[in-house]
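Trainee: So here's work.cif (mmCIF, C-alpha atoms).
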data_start
loop_
_atom_site.group_PDB
_atom_site.id
_atom_site.type_symbol
_atom_site.label_atom_id
_atom_site.label_comp_id
_atom_site.auth_asym_id
_atom_site.auth_seq_id
_atom_site.Cartn_x
_atom_site.Cartn_y
_atom_site.Cartn_z
ATOM 1 C CA MET A 1 106.458 111.492 56.406
ATOM 2 C CA SER A 2 110.222 111.570 56.297
ATOM 3 C CA ARG A 3 112.184 108.411 55.497
ATOM 4 C CA ALA A 4 113.859 108.225 58.885
ATOM 5 C CA LEU A 5 110.534 108.547 60.700
ATOM 6 C CA ARG A 6 109.202 105.564 58.793
ATOM 7 C CA PHE A 7 111.588 103.314 60.728
ATOM 8 C CA ALA A 8 110.588 104.705 64.109
ATOM 9 C CA PRO A 9 108.097 101.894 64.932
ATOM 10 C CA LEU A 10 110.753 99.298 64.107
ATOM 11 C CA ALA A 11 113.269 101.076 66.344
ATOM 12 C CA ILE A 12 110.743 101.218 69.191
ATOM 13 C CA LEU A 13 110.026 97.506 68.737
ATOM 14 C CA LEU A 14 113.746 96.686 68.864
ATOM 15 C CA VAL A 15 114.212 98.725 72.048
ATOM 16 C CA LEU A 16 111.227 96.952 73.589
ATOM 17 C CA ILE A 17 112.489 93.487 72.626
ATOM 18 C CA SER A 18 116.020 94.153 73.853
ATOM 19 C CA GLY A 19 114.568 95.394 77.143
ATOM 20 C CA LEU A 20 112.498 92.241 77.548
ATOM 21 C CA VAL A 21 115.435 89.969 76.652
ATOM 22 C CA TRP A 22 117.687 91.805 79.101
ATOM 23 C CA ARG A 23 115.212 91.406 81.959
ATOM 24 C CA LEU A 24 114.701 87.726 81.144
ATOM 25 C CA ALA A 25 118.451 87.141 81.192
ATOM 26 C CA THR A 26 119.053 89.110 84.404
ATOM 27 C CA PRO A 27 115.881 88.875 86.523
ATOM 28 C CA ALA A 28 115.246 91.659 88.997
ATOM 29 C CA ASP A 29 116.220 91.029 92.616
ATOM 30 C CA THR A 30 112.988 90.237 94.468
ATOM 31 C CA THR A 31 114.357 90.127 98.012
ATOM 32 C CA ILE A 32 112.774 92.681 100.281
ATOM 33 C CA GLY A 33 115.143 94.018 102.928
ATOM 34 C CA SER A 34 113.917 95.361 106.235
ATOM 35 C CA LYS A 35 113.905 99.145 106.470
ATOM 36 C CA LEU A 36 114.614 98.842 110.186
ATOM 37 C CA ASP A 37 118.342 98.330 109.535
ATOM 38 C CA GLY A 38 120.069 100.855 111.822
ATOM 39 C CA LYS A 39 116.924 101.407 113.906
ATOM 40 C CA PRO A 40 115.996 100.046 117.336
ATOM 41 C CA ILE A 41 114.356 96.654 117.413
ATOM 42 C CA PRO A 42 110.571 97.119 117.846
ATOM 43 C CA ALA A 43 109.190 96.166 121.245
ATOM 44 C CA PHE A 44 107.707 92.697 121.433
ATOM 45 C CA ASN A 45 106.791 90.004 123.944
ATOM 46 C CA LEU A 46 106.562 86.416 122.817
ATOM 47 C CA PRO A 47 105.459 83.277 124.625
ATOM 48 C CA ALA A 48 108.138 80.594 125.008
ATOM 49 C CA ALA A 49 108.453 78.161 122.108
ATOM 50 C CA LEU A 50 109.681 75.408 124.430
ATOM 51 C CA PRO A 51 108.863 74.712 128.073
ATOM 52 C CA THR A 52 112.558 74.108 128.736
ATOM 53 C CA LYS A 53 113.961 77.311 127.209
ATOM 54 C CA PRO A 54 113.400 80.927 128.258
ATOM 55 C CA THR A 55 111.359 83.004 125.833
ATOM 56 C CA LEU A 56 112.604 85.984 123.839
ATOM 57 C CA ASN A 57 111.418 89.545 124.453
ATOM 58 C CA SER A 58 112.787 92.704 122.874
ATOM 59 C CA ALA A 59 114.226 93.696 126.272
ATOM 60 C CA ASP A 60 116.494 90.615 126.114
ATOM 61 C CA LEU A 61 118.188 92.094 123.053
ATOM 62 C CA ALA A 62 119.745 95.151 124.710
ATOM 63 C CA THR A 63 122.140 93.495 127.105
ATOM 64 C CA GLY A 64 125.364 95.279 126.171
ATOM 65 C CA GLN A 65 126.488 92.392 123.944
ATOM 66 C CA PRO A 66 125.752 91.993 120.232
ATOM 67 C CA ARG A 67 123.366 89.120 119.560
ATOM 68 C CA LEU A 68 122.186 87.207 116.529
ATOM 69 C CA VAL A 69 118.416 86.831 116.242
ATOM 70 C CA ASN A 70 117.515 83.950 113.968
ATOM 71 C CA ILE A 71 114.011 83.648 112.522
ATOM 72 C CA PHE A 72 113.391 79.972 111.820
ATOM 73 C CA ALA A 73 110.746 77.254 111.709
ATOM 74 C CA SER A 74 110.710 73.495 112.029
ATOM 75 C CA TRP A 75 108.822 73.286 108.716
ATOM 76 C CA CYS A 76 111.435 75.340 106.856
ATOM 77 C CA VAL A 77 113.801 73.168 104.819
ATOM 78 C CA PRO A 78 116.779 75.590 104.483
ATOM 79 C CA CYS A 79 116.669 76.011 108.279
ATOM 80 C CA ILE A 80 117.806 72.381 108.666
ATOM 81 C CA ALA A 81 121.130 73.135 107.004
ATOM 82 C CA GLU A 82 121.415 76.477 108.786
ATOM 83 C CA VAL A 83 121.262 74.973 112.296
ATOM 84 C CA LYS A 84 124.697 73.378 111.769
ATOM 85 C CA VAL A 85 126.167 76.740 110.816
ATOM 86 C CA LEU A 86 124.532 78.344 113.849
ATOM 87 C CA GLN A 87 126.209 75.679 116.000
ATOM 88 C CA GLN A 88 129.565 76.750 114.539
ATOM 89 C CA LEU A 89 128.766 80.373 115.396
ATOM 90 C CA LYS A 90 127.747 79.380 118.907
ATOM 91 C CA ALA A 91 131.064 77.520 119.305
ATOM 92 C CA ARG A 92 132.799 80.804 118.362
ATOM 93 C CA GLY A 93 131.041 82.511 121.267
ATOM 94 C CA VAL A 94 128.109 84.118 119.438
ATOM 95 C CA HIS A 95 124.916 84.619 121.461
ATOM 96 C CA ILE A 96 122.041 83.347 119.334
ATOM 97 C CA ASP A 97 118.343 83.765 120.031
ATOM 98 C CA GLY A 98 115.547 82.243 118.013
ATOM 99 C CA ILE A 99 112.082 83.260 116.880
ATOM 100 C CA ALA A 100 110.094 80.197 115.805
ATOM 101 C CA VAL A 101 107.523 81.274 113.216
ATOM 102 C CA ARG A 102 104.150 79.487 112.970
ATOM 103 C CA ASP A 103 105.370 76.524 114.943
ATOM 104 C CA ARG A 104 104.157 74.066 117.585
ATOM 105 C CA PRO A 105 106.191 73.314 120.742
ATOM 106 C CA ASP A 106 106.391 69.593 119.870
ATOM 107 C CA ASP A 107 107.677 70.315 116.379
ATOM 108 C CA VAL A 108 110.275 72.807 117.633
ATOM 109 C CA ALA A 109 111.400 70.313 120.309
ATOM 110 C CA ASN A 110 111.772 67.520 117.743
ATOM 111 C CA PHE A 111 113.557 69.776 115.291
ATOM 112 C CA LEU A 112 116.123 70.868 117.875
ATOM 113 C CA ALA A 113 116.473 67.425 119.500
ATOM 114 C CA GLU A 114 117.443 65.998 116.131
ATOM 115 C CA ARG A 115 119.818 68.726 115.065
ATOM 116 C CA GLY A 116 121.109 70.365 118.221
ATOM 117 C CA ASN A 117 120.020 73.609 119.836
ATOM 118 C CA PRO A 118 122.141 76.711 119.160
ATOM 119 C CA TYR A 119 119.619 79.070 120.813
ATOM 120 C CA GLU A 120 119.806 80.682 124.239
ATOM 121 C CA ARG A 121 116.232 81.927 124.100
ATOM 122 C CA ILE A 122 113.381 81.014 121.767
ATOM 123 C CA GLY A 123 110.144 82.924 121.354
ATOM 124 C CA SER A 124 107.117 81.505 119.552
ATOM 125 C CA ASP A 125 105.567 83.728 116.878
ATOM 126 C CA THR A 126 102.515 81.702 115.863
ATOM 127 C CA GLN A 127 100.967 84.356 113.610
ATOM 128 C CA SER A 128 104.115 85.933 112.167
ATOM 129 C CA GLN A 129 103.268 89.208 113.959
ATOM 130 C CA VAL A 130 106.785 89.809 115.317
ATOM 131 C CA GLN A 131 108.253 88.701 112.017
ATOM 132 C CA ILE A 132 106.186 91.372 110.237
ATOM 133 C CA SER A 133 107.047 94.008 112.852
ATOM 134 C CA LEU A 134 110.749 93.325 112.146
ATOM 135 C CA GLY A 135 110.239 93.817 108.413
ATOM 136 C CA SER A 136 111.168 90.218 107.677
ATOM 137 C CA SER A 137 109.567 88.508 104.709
ATOM 138 C CA GLY A 138 110.415 84.839 105.189
ATOM 139 C CA VAL A 139 112.330 82.095 106.966
ATOM 140 C CA PRO A 140 115.170 81.801 107.600
ATOM 141 C CA GLU A 141 116.371 85.312 108.275
ATOM 142 C CA SER A 142 118.830 86.641 110.828
ATOM 143 C CA PHE A 143 119.333 90.017 112.450
ATOM 144 C CA VAL A 144 122.520 91.248 114.104
ATOM 145 C CA VAL A 145 121.400 93.355 117.073
ATOM 146 C CA ASP A 146 123.960 95.414 118.991
ATOM 147 C CA GLY A 147 124.226 95.821 122.761
ATOM 148 C CA LYS A 148 121.786 98.749 122.736
ATOM 149 C CA GLY A 149 119.125 96.843 120.827
ATOM 150 C CA ILE A 150 119.789 98.519 117.459
ATOM 151 C CA ILE A 151 119.482 96.342 114.339
ATOM 152 C CA ARG A 152 122.885 96.434 112.618
ATOM 153 C CA TYR A 153 122.483 93.893 109.865
ATOM 154 C CA GLN A 154 119.775 91.763 108.295
ATOM 155 C CA HIS A 155 120.661 88.501 106.596
ATOM 156 C CA ILE A 156 118.013 87.115 104.233
ATOM 157 C CA GLY A 157 118.075 83.360 103.651
ATOM 158 C CA PRO A 158 120.145 80.737 105.434
ATOM 159 C CA ILE A 159 123.625 81.583 106.710
ATOM 160 C CA THR A 160 125.979 79.252 104.848
ATOM 161 C CA ASP A 161 129.397 77.923 105.882
ATOM 162 C CA ASP A 162 131.323 80.472 103.858
ATOM 163 C CA GLU A 163 129.304 83.346 105.340
ATOM 164 C CA VAL A 164 130.452 82.590 108.899
ATOM 165 C CA PRO A 165 133.438 85.019 108.791
ATOM 166 C CA MET A 166 131.171 87.753 107.382
ATOM 167 C CA ILE A 167 128.610 87.250 110.175
ATOM 168 C CA LEU A 168 131.398 87.267 112.789
ATOM 169 C CA ALA A 169 132.681 90.530 111.283
ATOM 170 C CA LYS A 170 129.196 92.072 111.460
ATOM 171 C CA LEU A 171 128.918 91.033 115.115
ATOM 172 C CA GLU A 172 132.384 92.494 115.789
ATOM 173 C CA LEU A 173 131.278 95.770 114.154
ATOM 174 C CA ALA A 174 128.193 95.831 116.367
ATOM 175 C CA LYS A 175 130.296 95.740 119.571
ATOM 176 C CA MET B 1 99.651 47.656 87.388
ATOM 177 C CA ARG B 2 102.407 48.965 89.632
ATOM 178 C CA ALA B 3 102.848 51.984 87.384
ATOM 179 C CA LEU B 4 99.142 52.711 87.617
ATOM 180 C CA LEU B 5 99.255 52.383 91.403
ATOM 181 C CA VAL B 6 102.194 54.774 91.631
ATOM 182 C CA ALA B 7 100.403 57.195 89.345
ATOM 183 C CA LEU B 8 97.283 57.036 91.509
ATOM 184 C CA MET B 9 99.322 57.542 94.668
ATOM 185 C CA LEU B 10 101.116 60.505 93.121
ATOM 186 C CA LEU B 11 97.736 61.982 92.286
ATOM 187 C CA VAL B 12 96.686 62.129 95.929
ATOM 188 C CA ALA B 13 100.167 62.912 97.320
ATOM 189 C CA MET B 14 100.521 66.236 99.114
ATOM 190 C CA PRO B 15 103.167 68.410 97.505
ATOM 191 C CA ALA B 16 105.985 69.359 99.894
ATOM 192 C CA LEU B 17 104.938 72.947 100.337
ATOM 193 C CA ALA B 18 106.970 75.331 102.438
ATOM 194 C CA ASP B 19 104.005 75.862 104.713
ATOM 195 C CA SER B 20 103.587 75.449 108.442
ATOM 196 C CA ASN B 21 101.327 72.989 110.213
ATOM 197 C CA LEU B 22 99.384 75.685 112.006
ATOM 198 C CA PRO B 23 95.879 76.716 110.908
ATOM 199 C CA PRO B 24 95.418 80.165 109.316
ATOM 200 C CA ALA B 25 95.235 83.139 111.694
ATOM 201 C CA TYR B 26 91.725 83.853 113.021
ATOM 202 C CA TRP B 27 90.950 86.979 110.993
ATOM 203 C CA SER B 28 92.824 85.936 107.854
ATOM 204 C CA ASP B 29 89.743 84.603 106.060
ATOM 205 C CA ARG B 30 86.947 85.916 108.260
ATOM 206 C CA GLN B 31 85.068 89.171 107.798
ATOM 207 C CA LEU B 32 84.839 91.705 110.581
ATOM 208 C CA PRO B 33 81.325 91.896 112.091
ATOM 209 C CA ASP B 34 81.123 95.653 111.433
ATOM 210 C CA PRO B 35 80.568 96.084 107.647
ATOM 211 C CA ARG B 36 82.060 99.594 107.636
ATOM 212 C CA GLN B 37 85.267 98.335 109.259
ATOM 213 C CA GLU B 38 85.369 95.314 106.950
ATOM 214 C CA ALA B 39 85.089 97.634 103.937
ATOM 215 C CA GLN B 40 87.996 99.710 105.252
ATOM 216 C CA ALA B 41 90.044 96.546 105.769
ATOM 217 C CA GLN B 42 89.204 95.280 102.267
ATOM 218 C CA THR B 43 90.262 98.549 100.644
ATOM 219 C CA LEU B 44 93.558 98.520 102.507
ATOM 220 C CA MET B 45 94.233 94.812 101.898
ATOM 221 C CA ASN B 46 93.730 95.317 98.167
ATOM 222 C CA GLU B 47 96.426 97.998 98.228
ATOM 223 C CA LEU B 48 99.057 96.040 100.157
ATOM 224 C CA ARG B 49 101.507 93.857 98.307
ATOM 225 C CA CYS B 50 102.090 90.262 99.338
ATOM 226 C CA LEU B 51 105.706 89.608 100.364
ATOM 227 C CA VAL B 52 105.637 86.070 99.026
ATOM 228 C CA CYS B 53 103.644 86.316 95.762
ATOM 229 C CA GLN B 54 104.947 89.722 94.851
ATOM 230 C CA GLY B 55 102.525 90.459 92.024
ATOM 231 C CA GLN B 56 99.472 89.930 94.224
ATOM 232 C CA SER B 57 97.794 91.943 96.927
ATOM 233 C CA ILE B 58 97.433 90.349 100.348
ATOM 234 C CA ALA B 59 93.678 90.186 99.671
ATOM 235 C CA ASP B 60 94.321 87.914 96.668
ATOM 236 C CA SER B 61 97.254 85.857 97.897
ATOM 237 C CA ASP B 62 96.978 82.385 99.427
ATOM 238 C CA ALA B 63 100.407 82.615 101.075
ATOM 239 C CA GLU B 64 100.450 82.092 104.829
ATOM 240 C CA LEU B 65 102.281 85.348 105.420
ATOM 241 C CA ALA B 66 99.559 87.172 103.467
ATOM 242 C CA GLY B 67 96.944 85.519 105.703
ATOM 243 C CA ASP B 68 98.838 86.703 108.769
ATOM 244 C CA MET B 69 98.993 90.211 107.307
ATOM 245 C CA ARG B 70 95.226 90.204 106.687
ATOM 246 C CA ASP B 71 94.807 89.148 110.304
ATOM 247 C CA LEU B 72 97.036 92.048 111.352
ATOM 248 C CA VAL B 73 95.088 94.556 109.225
ATOM 249 C CA ARG B 74 91.644 93.406 110.450
ATOM 250 C CA ARG B 75 92.759 93.257 114.084
ATOM 251 C CA ARG B 76 94.134 96.797 113.976
ATOM 252 C CA ILE B 77 91.109 98.203 112.168
ATOM 253 C CA ALA B 78 88.808 96.477 114.671
ATOM 254 C CA ALA B 79 90.869 98.139 117.417
ATOM 255 C CA GLY B 80 90.071 101.519 115.848
ATOM 256 C CA GLU B 81 93.328 102.220 114.029
ATOM 257 C CA LYS B 82 93.134 104.291 110.820
ATOM 258 C CA PRO B 83 94.049 102.481 107.563
ATOM 259 C CA ALA B 84 96.574 105.238 106.772
ATOM 260 C CA SER B 85 98.462 104.582 109.985
ATOM 261 C CA ILE B 86 98.560 100.805 109.357
ATOM 262 C CA ARG B 87 99.916 101.503 105.876
ATOM 263 C CA ALA B 88 102.534 103.858 107.319
ATOM 264 C CA TRP B 89 103.526 101.243 109.906
ATOM 265 C CA LEU B 90 104.126 98.688 107.157
ATOM 266 C CA ILE B 91 105.980 101.176 104.924
ATOM 267 C CA GLN B 92 108.296 101.894 107.865
ATOM 268 C CA ARG B 93 109.228 98.198 107.825
ATOM 269 C CA TYR B 94 109.161 97.194 104.172
ATOM 270 C CA GLY B 95 109.448 100.489 102.306
ATOM 271 C CA THR B 96 106.976 102.068 99.871
ATOM 272 C CA TRP B 97 107.261 98.833 97.906
ATOM 273 C CA ILE B 98 104.655 97.225 100.181
ATOM 274 C CA SER B 99 101.931 99.681 99.130
ATOM 275 C CA TYR B 100 100.284 99.631 95.711
ATOM 276 C CA LYS B 101 99.081 103.186 96.160
ATOM 277 C CA PRO B 102 101.404 105.487 94.163
ATOM 278 C CA THR B 103 103.291 107.938 96.341
ATOM 279 C CA ALA B 104 104.202 111.577 95.715
ATOM 280 C CA GLU B 105 107.928 110.835 96.045
ATOM 281 C CA PRO B 106 110.253 112.170 93.311
ATOM 282 C CA ALA B 107 110.642 108.617 91.963
ATOM 283 C CA ALA B 108 106.929 108.656 91.078
ATOM 284 C CA TRP B 109 106.864 112.109 89.441
ATOM 285 C CA PRO B 110 107.205 110.746 85.871
ATOM 286 C CA LEU B 111 104.147 108.628 86.609
ATOM 287 C CA TRP B 112 102.078 111.665 87.545
ATOM 288 C CA LEU B 113 103.472 113.784 84.713
ATOM 289 C CA ALA B 114 103.060 111.138 81.985
ATOM 290 C CA PRO B 115 99.324 111.707 81.291
ATOM 291 C CA LEU B 116 99.854 115.466 81.104
ATOM 292 C CA THR B 117 102.819 115.066 78.756
ATOM 293 C CA LEU B 118 100.948 112.628 76.527
ATOM 294 C CA LEU B 119 97.957 114.972 76.396
ATOM 295 C CA LEU B 120 100.193 117.874 75.331
ATOM 296 C CA VAL B 121 101.928 115.762 72.682
ATOM 297 C CA GLY B 122 98.525 114.610 71.419
ATOM 298 C CA ALA B 123 97.221 118.146 71.213
ATOM 299 C CA PHE B 124 100.332 119.203 69.327
ATOM 300 C CA LEU B 125 99.950 116.345 66.810
ATOM 301 C CA ILE B 126 96.271 117.052 66.214
ATOM 302 C CA ARG B 127 96.990 120.717 65.739
ATOM 303 C CA ARG B 128 99.562 119.876 63.079
ATOM 304 C CA ARG B 129 97.313 117.350 61.356
ATOM 305 C CA ILE B 130 94.208 119.421 60.987
ATOM 306 C CA GLY B 131 96.194 122.511 60.267
ATOM 307 C CA LEU B 132 94.696 124.757 62.906
ATOM 308 C CA GLY B 133 96.688 127.868 63.505
ATOM 309 C CA LYS B 134 97.898 127.840 59.892
ATOM 310 C CA ARG B 135 95.808 130.579 58.369
ATOM 311 C CA SER B 136 96.851 130.783 54.780
#
Could you write out this file's structure as structure tokens?
Mentor:
Amino acid sequence: MSRALRFAPLAILLVLISGLVWRLATPADTTIGSKLDGKPIPAFNLPAALPTKPTLNSADLATGQPRLVNIFASWCVPCIAEVKVLQQLKARGVHIDGIAVRDRPDDVANFLAERGNPYERIGSDTQSQVQISLGSSGVPESFVVDGKGIIRYQHIGPITDDEVPMILAKLELAK
Amino acid sequence: MRALLVALMLLVAMPALADSNLPPAYWSDRQLPDPRQEAQAQTLMNELRCLVCQGQSIADSDAELAGDMRDLVRRRIAAGEKPASIRAWLIQRYGTWISYKPTAEPAAWPLWLAPLTLLLVGAFLIRRRIGLGKRS
């Protein structure tokens, strides 16, 4: 065995260790984006989440105007902070619709009574079926849907204050 | 005494899980009445990745979304849909990532070629070691 070859196991070990250290220091991104970006929104019909608000069907999302579809839940903690930002967007003239995931009418009503209601329509997705059909993997998530019902942008996680201009730009692009 | 009380209360306290108040979907933890269909559903559920606990299959995961996906799989199989078409429907939404079954895409070619390559390397090493082909 040649001298250089004798150090091969050590070299392999070092490569392995540096690989492990690198991945520990910079963990892989585990967010799963929807592959429906740029495709038409799948057809769905949902029952109303609230007796006082119209429900959301896929046909309501092709009205000639870009809309923001927000997937939320009363039991979702980041959604509490997001509602305020959605109110800001609504004040800027954005049409926002909601899909309440795994929620009860009473809970949705309480949630919105406490924090204000930015939604024009809210559908109730009690078994996450529409959420799955949209390729969404959690709450909150938002989709920018253009006037023809094509998904133009998916936002994973809550929309924060400093992301408002970016969301407005995406909606402008979808016009 | 107070410390003990607090400790006892903490013991029975419910952790603030990010879970809904709704019960699991009907078919999430219930077998289909037809054993052949249930077997099909099981096979497929073992090959679909959970979106929440990403190292687990939806058959193994306790996440609510996994339960709802099991419900979706069983419902569709009970309605007569082929497992392959359910898998394709999910891949359309989440990408090949959602399926544990290796694909034939170029990204997976090294995976398929690795055993062959290792076998060839092994054969080469053995040949050198035992000196076959060297007829002195």
Trainee: From the list A:Thr52, A:Thr160, A:Ser2, A:Ser133, which residue is nearest chain B when using only C-alpha atoms?
Mentor: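 For chain B, the nearest of the candidates is A:Ser133.
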Trainee: I need the output of the PyMOL selection byres ((chain A and resi 145-157) around 7) for this file as a PyMOL selection string; which residues are they?
Mentor: chain A and resi 36-41+61-68+139-144+158-159+174-175
Trainee: Name all residues at most 12 Å from Ser61 (chain B) (count only C-alpha atoms; drop same-chain ones fewer than 3 positions away) and give them as number ranges by chain.
Mentor: B: 28-29, 45-46, 48-58, 64-70
Trainee: Next, the residues of the selection above should be written as a tab-separated table (two decimals), keeping the file's coordinate frame with C-alpha atoms.
Mentor:
chain	number	residue	atom	x	y	z
B	28	SER	CA	92.82	85.94	107.85
B	29	ASP	CA	89.74	84.60	106.06
B	45	MET	CA	94.23	94.81	101.90
B	46	ASN	CA	93.73	95.32	98.17
B	48	LEU	CA	99.06	96.04	100.16
B	49	ARG	CA	101.51	93.86	98.31
B	50	CYS	CA	102.09	90.26	99.34
B	51	LEU	CA	105.71	89.61	100.36
B	52	VAL	CA	105.64	86.07	99.03
B	53	CYS	CA	103.64	86.32	95.76
B	54	GLN	CA	104.95	89.72	94.85
B	55	GLY	CA	102.52	90.46	92.02
B	56	GLN	CA	99.47	89.93	94.22
B	57	SER	CA	97.79	91.94	96.93
B	58	ILE	CA	97.43	90.35	100.35
B	64	GLU	CA	100.45	82.09	104.83
B	65	LEU	CA	102.28	85.35	105.42
B	66	ALA	CA	99.56	87.17	103.47
B	67	GLY	CA	96.94	85.52	105.70
B	68	ASP	CA	98.84	86.70	108.77
B	69	MET	CA	98.99	90.21	107.31
B	70	ARG	CA	95.23	90.20	106.69
Trainee: As a check of understanding, name the residues that the PyMOL selection byres ((chain A) within 8 of (chain B)) selects in the supplied structure, as a CSV table (one decimal) with C-alpha atoms, keeping the file's coordinate frame.
Mentor:
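Writing done, so here's result-v5.csv:
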chain,number,residue,atom,x,y,z
A,32,ILE,CA,112.8,92.7,100.3
A,33,GLY,CA,115.1,94.0,102.9
A,34,SER,CA,113.9,95.4,106.2
A,35,LYS,CA,113.9,99.1,106.5
A,36,LEU,CA,114.6,98.8,110.2
A,75,TRP,CA,108.8,73.3,108.7
A,76,CYS,CA,111.4,75.3,106.9
A,77,VAL,CA,113.8,73.2,104.8
A,102,ARG,CA,104.2,79.5,113.0
A,103,ASP,CA,105.4,76.5,114.9
A,104,ARG,CA,104.2,74.1,117.6
A,126,THR,CA,102.5,81.7,115.9
A,127,GLN,CA,101.0,84.4,113.6
A,128,SER,CA,104.1,85.9,112.2
A,129,GLN,CA,103.3,89.2,114.0
A,132,ILE,CA,106.2,91.4,110.2
A,133,SER,CA,107.0,94.0,112.9
A,134,LEU,CA,110.7,93.3,112.1
A,135,GLY,CA,110.2,93.8,108.4
A,137,SER,CA,109.6,88.5,104.7
A,138,GLY,CA,110.4,84.8,105.2
Trainee: I'd like the interatomic distance between CA of Ile17 (chain A) and CA of Leu5 (chain A), to a tenth of an Å.
Mentor: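 Going from CA of Ile17 (chain A) over to CA of Leu5 (chain A) covers 19.3 Å.
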Trainee: Which residue gives the smallest distance to Ala41 (chain B) among B:Arg2, B:Lys101, B:Lys82, B:Arg127, with all atoms listed in the file counted?
Mentor: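 Going through B:Arg2, B:Lys101, B:Lys82, B:Arg127 one by one, the smallest distance to Ala41 (chain B) is for B:Lys82.
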Trainee: Tell me, in Å to one decimal, how far CA of Thr43 (chain B) is from CA of Glu81 (chain B).
Mentor: 14.2 Å
Trainee: Pick out the closest residue to Asn70 (chain A) from this set: A:Ile99, A:Leu20, A:Leu112, A:Leu10. Count only C-alpha atoms.
Mentor: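 Closest to Asn70 (chain A) of all the choices is A:Ile99.
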Trainee: Quick one: pull the distance between CA of Pro83 (chain B) and CA of Tyr100 (chain B), Å, one decimal.
Mentor: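 It comes out at 13.7 Å.
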Trainee: Set the distance at 9 Å and use only C-alpha atoms: which residues neighbour Pro47 (chain A) once local chain neighbours fewer than 2 positions away are removed? I'd like the list as number ranges by chain.
Mentor: A: 45, 49-50, 55-57, 122-125
Trainee: Using all atoms listed in the file, can you list as a ChimeraX atom specification the residues within 8 Å of (121.7, 74.6, 117.2)?
Mentor: /A:83-84,86-87,90,112,115-119
Trainee: Have a look at B:Pro33, B:Arg87, B:Leu118, B:Ala78 and name the one nearest to Thr103 (chain B); count all atoms listed in the file.
Mentor: B:Arg87
